[in-house]
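The next block is query.pdb, given as PDB, C-alpha atoms and all ligand atoms.
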```pdb
ATOM      1  CA  MET A 196      84.007 114.522  91.510
ATOM      2  CA  GLN A 197      81.019 114.557  93.843
ATOM      3  CA  ILE A 198      79.174 111.698  95.567
ATOM      4  CA  LEU A 199      76.196 112.779  97.631
ATOM      5  CA  ASP A 200      77.485 115.557  99.947
ATOM      6  CA  GLN A 201      81.213 114.858  99.566
ATOM      7  CA  HIS A 202      83.843 115.963  97.041
ATOM      8  CA  PHE A 203      86.591 113.609  95.953
ATOM      9  CA  GLU A 204      89.815 113.875  93.956
ATOM     10  CA  ILE A 205      91.752 111.211  92.083
ATOM     11  CA  PHE A 206      94.158 109.417  94.386
ATOM     12  CA  ILE A 207      95.303 106.138  92.781
ATOM     13  CA  PRO A 208      94.700 105.887  89.026
ATOM     14  CA  ALA A 209      93.471 102.631  87.483
ATOM     15  CA  SER A 210      96.810 102.066  85.708
ATOM     16  CA  SER A 211      98.731 102.134  89.023
ATOM     17  CA  ILE A 212      96.228  99.760  90.620
ATOM     18  CA  GLN A 213      96.570  97.295  87.748
ATOM     19  CA  GLN A 214     100.381  97.460  87.819
ATOM     20  CA  ARG A 215     100.472  96.828  91.553
ATOM     21  CA  ILE A 216      98.100  93.863  91.187
ATOM     22  CA  LYS A 217     100.428  92.351  88.576
ATOM     23  CA  ASP A 218     103.340  92.653  91.032
ATOM     24  CA  LEU A 219     101.301  91.090  93.843
ATOM     25  CA  GLY A 220     100.353  88.253  91.494
ATOM     26  CA  VAL A 221     104.002  87.517  90.703
ATOM     27  CA  GLN A 222     104.812  87.363  94.407
ATOM     28  CA  ILE A 223     101.845  85.145  95.293
ATOM     29  CA  ASN A 224     102.485  82.742  92.402
ATOM     30  CA  LYS A 225     105.984  82.300  93.810
ATOM     31  CA  ASP A 226     105.045  82.049  97.496
ATOM     32  CA  TYR A 227     102.126  79.646  96.996
ATOM     33  CA  ARG A 228     103.451  77.292  94.334
ATOM     34  CA  GLY A 229     102.430  73.737  95.291
ATOM     35  CA  LYS A 230     100.235  74.974  98.160
ATOM     36  CA  ASN A 231      96.845  75.102  96.394
ATOM     37  CA  PRO A 232      95.677  78.177  98.333
ATOM     38  CA  ILE A 233      92.084  79.228  98.884
ATOM     39  CA  PHE A 234      91.553  82.945  98.331
ATOM     40  CA  LEU A 235      88.733  84.131 100.558
ATOM     41  CA  SER A 236      87.513  87.511  99.465
ATOM     42  CA  ILE A 237      85.423  89.664 101.761
ATOM     43  CA  LEU A 238      82.274  91.114 100.219
ATOM     44  CA  ASN A 239      81.200  93.651  99.226
ATOM     45  CA  GLY A 240      84.240  95.898  98.894
ATOM     46  CA  ALA A 241      86.842  93.396  97.670
ATOM     47  CA  PHE A 242      84.888  91.973  94.733
ATOM     48  CA  ILE A 243      86.586  94.013  91.997
ATOM     49  CA  PHE A 244      90.061  93.659  93.475
ATOM     50  CA  ALA A 245      89.580  89.883  93.835
ATOM     51  CA  ALA A 246      88.381  89.575  90.234
ATOM     52  CA  ASP A 247      91.466  91.364  88.902
ATOM     53  CA  LEU A 248      93.887  89.653  91.272
ATOM     54  CA  ILE A 249      92.746  86.106  90.526
ATOM     55  CA  ARG A 250      93.505  86.634  86.832
ATOM     56  CA  GLU A 251      97.146  87.260  87.760
ATOM     57  CA  ILE A 252      97.321  83.939  89.627
ATOM     58  CA  HIS A 253      98.646  81.102  87.495
ATOM     59  CA  ILE A 254      99.059  78.333  90.067
ATOM     60  CA  PRO A 255      96.333  75.846  91.131
ATOM     61  CA  SER A 256      94.091  77.714  93.597
ATOM     62  CA  GLU A 257      90.471  78.282  94.570
ATOM     63  CA  ILE A 258      88.473  81.407  95.304
ATOM     64  CA  SER A 259      85.414  81.904  97.430
ATOM     65  CA  PHE A 260      83.536  84.879  98.864
ATOM     66  CA  ILE A 261      82.497  85.539 102.430
ATOM     67  CA  LYS A 262      80.502  88.278 104.038
ATOM     68  CA  LEU A 263      80.237  89.677 107.525
ATOM     69  CA  LYS A 264      76.762  90.501 108.621
ATOM     70  CA  SER A 265      76.494  93.075 111.405
ATOM     71  CA  TYR A 266      73.421  93.319 113.512
ATOM     72  CA  LYS A 267      72.559  94.848 116.823
ATOM     73  CA  ARG A 268      72.269  92.588 119.801
ATOM     74  CA  MET A 269      69.038  93.379 121.598
ATOM     75  CA  GLU A 270      70.342  92.856 125.135
ATOM     76  CA  SER A 271      73.500  94.963 125.120
ATOM     77  CA  GLY A 272      73.072  97.227 122.137
ATOM     78  CA  GLY A 273      76.534  96.046 120.992
ATOM     79  CA  LYS A 274      77.179  94.727 117.501
ATOM     80  CA  ILE A 275      77.673  91.064 116.646
ATOM     81  CA  ARG A 276      79.331  90.202 113.360
ATOM     82  CA  GLU A 277      78.413  86.882 111.860
ATOM     83  CA  LEU A 278      80.488  85.214 109.155
ATOM     84  CA  LEU A 279      78.356  84.203 106.166
ATOM     85  CA  GLY A 280      79.031  82.108 103.083
ATOM     86  CA  LEU A 281      82.006  80.012 104.142
ATOM     87  CA  GLU A 282      81.270  76.825 102.213
ATOM     88  CA  HIS A 283      84.832  75.555 101.954
ATOM     89  CA  ASP A 284      86.278  73.147 104.459
ATOM     90  CA  ILE A 285      89.334  75.151 105.426
ATOM     91  CA  PHE A 286      90.828  72.521 107.740
ATOM     92  CA  ASN A 287      94.507  72.083 106.884
ATOM     93  CA  ARG A 288      94.278  74.517 103.938
ATOM     94  CA  ASN A 289      96.418  77.532 103.107
ATOM     95  CA  ILE A 290      94.152  80.568 103.261
ATOM     96  CA  VAL A 291      94.753  83.983 101.751
ATOM     97  CA  ILE A 292      92.185  86.544 102.888
ATOM     98  CA  VAL A 293      91.590  89.160 100.203
ATOM     99  CA  GLU A 294      90.483  92.539 101.578
ATOM    100  CA  ASP A 295      89.884  95.898  99.948
ATOM    101  CA  ILE A 296      91.065  98.027 102.854
ATOM    102  CA  VAL A 297      92.292  97.556 106.395
ATOM    103  CA  ASP A 298      91.389 100.527 108.531
ATOM    104  CA  THR A 299      91.261  99.752 112.266
ATOM    105  CA  GLY A 300      91.713  96.031 111.621
ATOM    106  CA  LYS A 301      88.555  95.205 113.552
ATOM    107  CA  THR A 302      86.947  93.269 110.696
ATOM    108  CA  LEU A 303      89.995  91.099 110.143
ATOM    109  CA  ASN A 304      90.626  90.546 113.802
ATOM    110  CA  HIS A 305      87.179  89.012 114.069
ATOM    111  CA  ILE A 306      87.584  86.799 110.982
ATOM    112  CA  LEU A 307      91.032  85.574 112.000
ATOM    113  CA  GLU A 308      89.741  84.335 115.330
ATOM    114  CA  GLU A 309      87.027  82.293 113.637
ATOM    115  CA  PHE A 310      89.423  80.805 111.080
ATOM    116  CA  LYS A 311      91.953  79.718 113.653
ATOM    117  CA  GLU A 312      89.234  77.694 115.334
ATOM    118  CA  LEU A 313      88.437  76.007 112.007
ATOM    119  CA  GLY A 314      91.969  74.615 111.773
ATOM    120  CA  ALA A 315      93.427  76.315 108.695
ATOM    121  CA  ARG A 316      97.044  75.297 108.008
ATOM    122  CA  SER A 317      98.057  78.904 107.348
ATOM    123  CA  ILE A 318      96.232  82.222 107.143
ATOM    124  CA  GLU A 319      97.764  85.261 105.458
ATOM    125  CA  ILE A 320      96.209  88.602 104.636
ATOM    126  CA  LEU A 321      96.334  90.404 101.354
ATOM    127  CA  THR A 322      94.844  93.885 101.297
ATOM    128  CA  LEU A 323      94.808  96.390  98.481
ATOM    129  CA  LEU A 324      94.884  99.375 100.836
ATOM    130  CA  HIS A 325      96.134  99.870 104.372
ATOM    131  CA  LYS A 326      95.509 102.923 106.512
ATOM    132  CA  LYS A 327      98.599 102.560 108.606
ATOM    133  CA  GLU A 328      97.897 105.387 111.031
ATOM    134  CA  ALA A 329      94.495 103.928 111.849
ATOM    135  CA  ASN A 330      95.589 100.365 112.594
ATOM    136  CA  ARG A 331      94.382  99.671 116.121
ATOM    137  CA  TYR A 332      94.458  95.876 116.158
ATOM    138  CA  PRO A 333      97.855  94.185 115.926
ATOM    139  CA  ILE A 334      97.437  92.266 112.683
ATOM    140  CA  ASP A 335     100.185  90.973 110.404
ATOM    141  CA  LEU A 336      99.490  92.003 106.828
ATOM    142  CA  ARG A 337     101.509  89.766 104.513
ATOM    143  CA  TYR A 338     100.719  91.608 101.265
ATOM    144  CA  VAL A 339      99.756  95.289 101.028
ATOM    145  CA  GLY A 340      98.990  97.002  97.727
ATOM    146  CA  PHE A 341      99.276 100.593  98.928
ATOM    147  CA  GLU A 342      99.871 102.225 102.304
ATOM    148  CA  ILE A 343      97.553 105.238 102.448
ATOM    149  CA  PRO A 344      96.907 108.098 104.869
ATOM    150  CA  ASP A 345      93.915 108.015 107.178
ATOM    151  CA  LYS A 346      91.521 109.636 104.655
ATOM    152  CA  PHE A 347      88.237 108.296 103.342
ATOM    153  CA  VAL A 348      88.540 106.715  99.879
ATOM    154  CA  VAL A 349      86.064 105.440  97.268
ATOM    155  CA  GLY A 350      86.139 103.601  93.979
ATOM    156  CA  TYR A 351      87.430 100.272  92.714
ATOM    157  CA  GLY A 352      84.929  98.391  94.888
ATOM    158  CA  LEU A 353      84.977 100.784  97.849
ATOM    159  CA  ASP A 354      81.831 102.754  98.548
ATOM    160  CA  TYR A 355      80.577 105.914 100.154
ATOM    161  CA  GLU A 356      77.018 105.298 101.401
ATOM    162  CA  GLY A 357      76.696 102.518  98.829
ATOM    163  CA  GLN A 358      77.846 104.715  95.926
ATOM    164  CA  GLY A 359      81.060 104.751  93.913
ATOM    165  CA  ARG A 360      82.024 101.064  93.795
ATOM    166  CA  ASN A 361      81.938 101.159  89.997
ATOM    167  CA  LEU A 362      84.682 103.795  89.625
ATOM    168  CA  LYS A 363      87.857 102.499  87.948
ATOM    169  CA  ASP A 364      90.204 104.774  89.886
ATOM    170  CA  ILE A 365      90.458 105.254  93.643
ATOM    171  CA  TYR A 366      89.474 108.717  94.895
ATOM    172  CA  LYS A 367      90.040 110.368  98.246
ATOM    173  CA  VAL A 368      87.809 112.810 100.026
ATOM    174  CA  ILE A 369      88.651 116.494  99.848
ATOM    175  CA  SER A 370      88.394 117.780 103.401
ATOM    176  CA  VAL A 371      86.926 121.229 103.709
ATOM    177  CA  ALA A 372      88.696 123.410 106.231
TER
HETATM  178  P1  LIG A 401      88.177  97.997 109.778
HETATM  179  O1  LIG A 401      87.370  96.873 110.360
HETATM  180  O2  LIG A 401      88.158  99.244 110.632
HETATM  181  O3  LIG A 401      89.589  97.590 109.402
HETATM  182  O4  LIG A 401      87.412  98.471 108.467
HETATM  183  C1  LIG A 401      87.436  97.741 107.305
HETATM  184  C2  LIG A 401      86.201  97.971 106.484
HETATM  185  O5  LIG A 401      85.681  99.322 106.635
HETATM  186  C3  LIG A 401      86.535  97.821 105.019
HETATM  187  O6  LIG A 401      86.371  96.498 104.586
HETATM  188  C4  LIG A 401      85.598  98.799 104.357
HETATM  189  O7  LIG A 401      84.385  98.168 104.071
HETATM  190  C5  LIG A 401      85.360  99.894 105.383
HETATM  191  N1  LIG A 401      86.230 101.077 105.155
HETATM  192  C6  LIG A 401      87.249 101.492 105.926
HETATM  193  N2  LIG A 401      87.808 102.614 105.434
HETATM  194  C7  LIG A 401      87.145 102.905 104.297
HETATM  195  C8  LIG A 401      87.263 103.955 103.309
HETATM  196  O8  LIG A 401      88.125 104.862 103.351
HETATM  197  N3  LIG A 401      86.382 103.905 102.261
HETATM  198  C9  LIG A 401      85.423 102.948 102.143
HETATM  199  N4  LIG A 401      85.277 101.947 103.040
HETATM  200  C10 LIG A 401      86.131 101.921 104.110
END
```
File written out as structure tokens:
Amino acid sequence: MQILDQHFEIFIPASSIQQRIKDLGVQINKDYRGKNPIFLSILNGAFIFAADLIREIHIPSEISFIKLKSYKRMESGGKIRELLGLEHDIFNRNIVIVEDIVDTGKTLNHILEEFKELGARSIEILTLLHKKEANRYPIDLRYVGFEIPDKFVVGYGLDYEGQGRNLKDIYKVISVA
């Protein structure tokens, strides 16, 4: 399968993704019974995962979507990431952050700092994929769908240059020697 200049091969088929999401749902329903959690899903990549996951949740809960906007700071040339779309009052609430993939952990590290300041009662992370070898920030991941090698993946919400989010399976890049 080709997207733009890169070739990809099937890595995690849709059936395995769906089975794993069912298992995660069972665990979360148990862990969060009586806690009325708010699932905060990070756009764009996690939108498909969040949509499937939430339908495996059978306890009272809420879901909302947030986005991180990156832009260049004129003075330093460094990047600032601004949290957009957080409409919920998360003070004293049990938060589950729903991510598509944790690579270096930089994105989550940033979000966690902001949420702690907002006074959440608890914050746990649920990610479909985790590139273990790449994890540079020390972040506790409470729920991980699949541990994967440090290879670029697309599909099931994840993109390559904006393409491939619509694919039902997850594909990984074929590296040319
Ligand atoms: P981190 O901040 O380095 O943990 O990167 C997390 C974000 O980078 C994810 O939410 C994705 O948007 C993107 N990302 C990291 N690895 C991949 C990949 O293999 N495929 C597609 N997007 C990725």
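Taking all atoms listed in the file into account, ligand LIG 401 (chain A) lies nearest to A:Asn239 out of the set A:Ser317, A:Ser210, A:Asn361, A:Asn239.
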Dump the neighbourhood of ligand LIG 401 (chain A) as a tab-separated table (two decimals) with C-alpha atoms, in the coordinates of the input: all residues within 7 Å, distances computed on only C-alpha atoms and all ligand atoms.
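Output file pocket26.tsv is given in full below:
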```tsv
chain	number	residue	atom	x	y	z
A	240	GLY	CA	84.24	95.90	98.89
A	294	GLU	CA	90.48	92.54	101.58
A	295	ASP	CA	89.88	95.90	99.95
A	296	ILE	CA	91.06	98.03	102.85
A	297	VAL	CA	92.29	97.56	106.40
A	298	ASP	CA	91.39	100.53	108.53
A	299	THR	CA	91.26	99.75	112.27
A	300	GLY	CA	91.71	96.03	111.62
A	301	LYS	CA	88.56	95.20	113.55
A	302	THR	CA	86.95	93.27	110.70
A	303	LEU	CA	90.00	91.10	110.14
A	346	LYS	CA	91.52	109.64	104.66
A	347	PHE	CA	88.24	108.30	103.34
A	348	VAL	CA	88.54	106.72	99.88
A	349	VAL	CA	86.06	105.44	97.27
A	353	LEU	CA	84.98	100.78	97.85
A	354	ASP	CA	81.83	102.75	98.55
A	355	TYR	CA	80.58	105.91	100.15
```
TODO: Starting from the displayed file, determine the output of the PyMOL selection byres (((chain A and resi 209) around 8) and not hetatm) and express the residue list as a ChimeraX atom specification.
DONE: /A:207-208,210-213,363-365
Open item on the list: Can you translate the PyMOL selection byres (((chain A and resi 247) around 10) and not hetatm) into the concrete residues it hits in this file, as a PyMOL selection string?
Closed with: chain A and resi 212-213+216-217+220+242-246+248-252
Task: Residue members of the PyMOL selection byres (((chain A and resi 260) around 12) and not hetatm) in the file shown, as an MDAnalysis selection string - done: chainID A and resid 233:243 245:246 257:259 261:263 278:283 291:294
Open item on the list: One number please: CA of Asn287 in chain A to CA of Asp226 in chain A, in Å, one decimal.
Closed with: 17.3 Å
TODO: Select all residues near (91.1, 78.5, 109.5) (cut-off 12 Å, inclusive, file coordinates), counting all atoms listed in the file, and output them as number ranges by chain.
DONE: A: 233, 235, 281, 283-292, 306-319
Go ahead and write the residues just picked, C-alpha atoms, as an mmCIF file, in the coordinates of the input.
```
data_model
loop_
_atom_site.group_PDB
_atom_site.id
_atom_site.type_symbol
_atom_site.label_atom_id
_atom_site.label_comp_id
_atom_site.auth_asym_id
_atom_site.auth_seq_id
_atom_site.Cartn_x
_atom_site.Cartn_y
_atom_site.Cartn_z
ATOM 1 C CA ILE A 233 92.084 79.228 98.884
ATOM 2 C CA LEU A 235 88.733 84.131 100.558
ATOM 3 C CA LEU A 281 82.006 80.012 104.142
ATOM 4 C CA HIS A 283 84.832 75.555 101.954
ATOM 5 C CA ASP A 284 86.278 73.147 104.459
ATOM 6 C CA ILE A 285 89.334 75.151 105.426
ATOM 7 C CA PHE A 286 90.828 72.521 107.740
ATOM 8 C CA ASN A 287 94.507 72.083 106.884
ATOM 9 C CA ARG A 288 94.278 74.517 103.938
ATOM 10 C CA ASN A 289 96.418 77.532 103.107
ATOM 11 C CA ILE A 290 94.152 80.568 103.261
ATOM 12 C CA VAL A 291 94.753 83.983 101.751
ATOM 13 C CA ILE A 292 92.185 86.544 102.888
ATOM 14 C CA ILE A 306 87.584 86.799 110.982
ATOM 15 C CA LEU A 307 91.032 85.574 112.000
ATOM 16 C CA GLU A 308 89.741 84.335 115.330
ATOM 17 C CA GLU A 309 87.027 82.293 113.637
ATOM 18 C CA PHE A 310 89.423 80.805 111.080
ATOM 19 C CA LYS A 311 91.953 79.718 113.653
ATOM 20 C CA GLU A 312 89.234 77.694 115.334
ATOM 21 C CA LEU A 313 88.437 76.007 112.007
ATOM 22 C CA GLY A 314 91.969 74.615 111.773
ATOM 23 C CA ALA A 315 93.427 76.315 108.695
ATOM 24 C CA ARG A 316 97.044 75.297 108.008
ATOM 25 C CA SER A 317 98.057 78.904 107.348
ATOM 26 C CA ILE A 318 96.232 82.222 107.143
ATOM 27 C CA GLU A 319 97.764 85.261 105.458
#
```
How big is the axis-aligned box, and where does its centre sit, when it encloses all atoms of range 213-230 of chain A listed in the file and has 5 Å added on every side, reported in Å to one decimal as lines of an AutoDock Vina configuration file?
```
center_x = 101.3
center_y = 85.6
center_z = 93.0
size_x = 19.4
size_y = 33.7
size_z = 20.4
```
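In this structure, CA of Gly350 in chain A sits 4.6 Å away from CA of Leu362 in chain A.
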Open item on the list: Between CA of Pro344 in chain A and CA of His202 in chain A, what is the distance in Å, rounded to a tenth?
Closed with: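 Separating CA of Pro344 in chain A from CA of His202 in chain A is a distance of 17.1 Å.
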As an mmCIF file, keeping the file's coordinate frame, please: range 237-248 of chain A completed to N, CA, C and O atoms.
```
data_model
loop_
_atom_site.group_PDB
_atom_site.id
_atom_site.type_symbol
_atom_site.label_atom_id
_atom_site.label_comp_id
_atom_site.auth_asym_id
_atom_site.auth_seq_id
_atom_site.Cartn_x
_atom_site.Cartn_y
_atom_site.Cartn_z
ATOM 1 N N ILE A 237 86.484 89.150 100.892
ATOM 2 C CA ILE A 237 85.423 89.664 101.761
ATOM 3 C C ILE A 237 84.527 90.644 101.001
ATOM 4 O O ILE A 237 84.985 91.684 100.514
ATOM 5 N N LEU A 238 83.264 90.278 100.899
ATOM 6 C CA LEU A 238 82.274 91.114 100.219
ATOM 7 C C LEU A 238 81.794 92.221 101.148
ATOM 8 O O LEU A 238 81.844 92.053 102.351
ATOM 9 N N ASN A 239 81.334 93.370 100.640
ATOM 10 C CA ASN A 239 81.200 93.651 99.226
ATOM 11 C C ASN A 239 82.474 94.244 98.620
ATOM 12 O O ASN A 239 82.760 94.043 97.450
ATOM 13 N N GLY A 240 83.196 95.016 99.424
ATOM 14 C CA GLY A 240 84.240 95.898 98.894
ATOM 15 C C GLY A 240 85.317 95.259 98.046
ATOM 16 O O GLY A 240 85.835 95.880 97.121
ATOM 17 N N ALA A 241 85.677 93.987 98.337
ATOM 18 C CA ALA A 241 86.842 93.396 97.670
ATOM 19 C C ALA A 241 86.503 92.694 96.352
ATOM 20 O O ALA A 241 87.375 92.075 95.750
ATOM 21 N N PHE A 242 85.266 92.804 95.885
ATOM 22 C CA PHE A 242 84.888 91.973 94.733
ATOM 23 C C PHE A 242 85.634 92.343 93.454
ATOM 24 O O PHE A 242 86.008 91.463 92.678
ATOM 25 N N ILE A 243 85.887 93.612 93.229
ATOM 26 C CA ILE A 243 86.586 94.013 91.997
ATOM 27 C C ILE A 243 88.079 93.679 92.104
ATOM 28 O O ILE A 243 88.671 93.125 91.189
ATOM 29 N N PHE A 244 88.651 93.983 93.234
ATOM 30 C CA PHE A 244 90.061 93.659 93.475
ATOM 31 C C PHE A 244 90.301 92.152 93.303
ATOM 32 O O PHE A 244 91.232 91.725 92.620
ATOM 33 N N ALA A 245 89.424 91.340 93.911
ATOM 34 C CA ALA A 245 89.580 89.883 93.835
ATOM 35 C C ALA A 245 89.488 89.401 92.385
ATOM 36 O O ALA A 245 90.253 88.536 91.962
ATOM 37 N N ALA A 246 88.574 89.989 91.628
ATOM 38 C CA ALA A 246 88.381 89.575 90.234
ATOM 39 C C ALA A 246 89.625 89.877 89.401
ATOM 40 O O ALA A 246 90.029 89.078 88.551
ATOM 41 N N ASP A 247 90.245 91.016 89.648
ATOM 42 C CA ASP A 247 91.466 91.364 88.902
ATOM 43 C C ASP A 247 92.650 90.535 89.387
ATOM 44 O O ASP A 247 93.452 90.053 88.600
ATOM 45 N N LEU A 248 92.750 90.384 90.694
ATOM 46 C CA LEU A 248 93.887 89.653 91.272
ATOM 47 C C LEU A 248 93.929 88.203 90.791
ATOM 48 O O LEU A 248 94.979 87.692 90.391
#
```
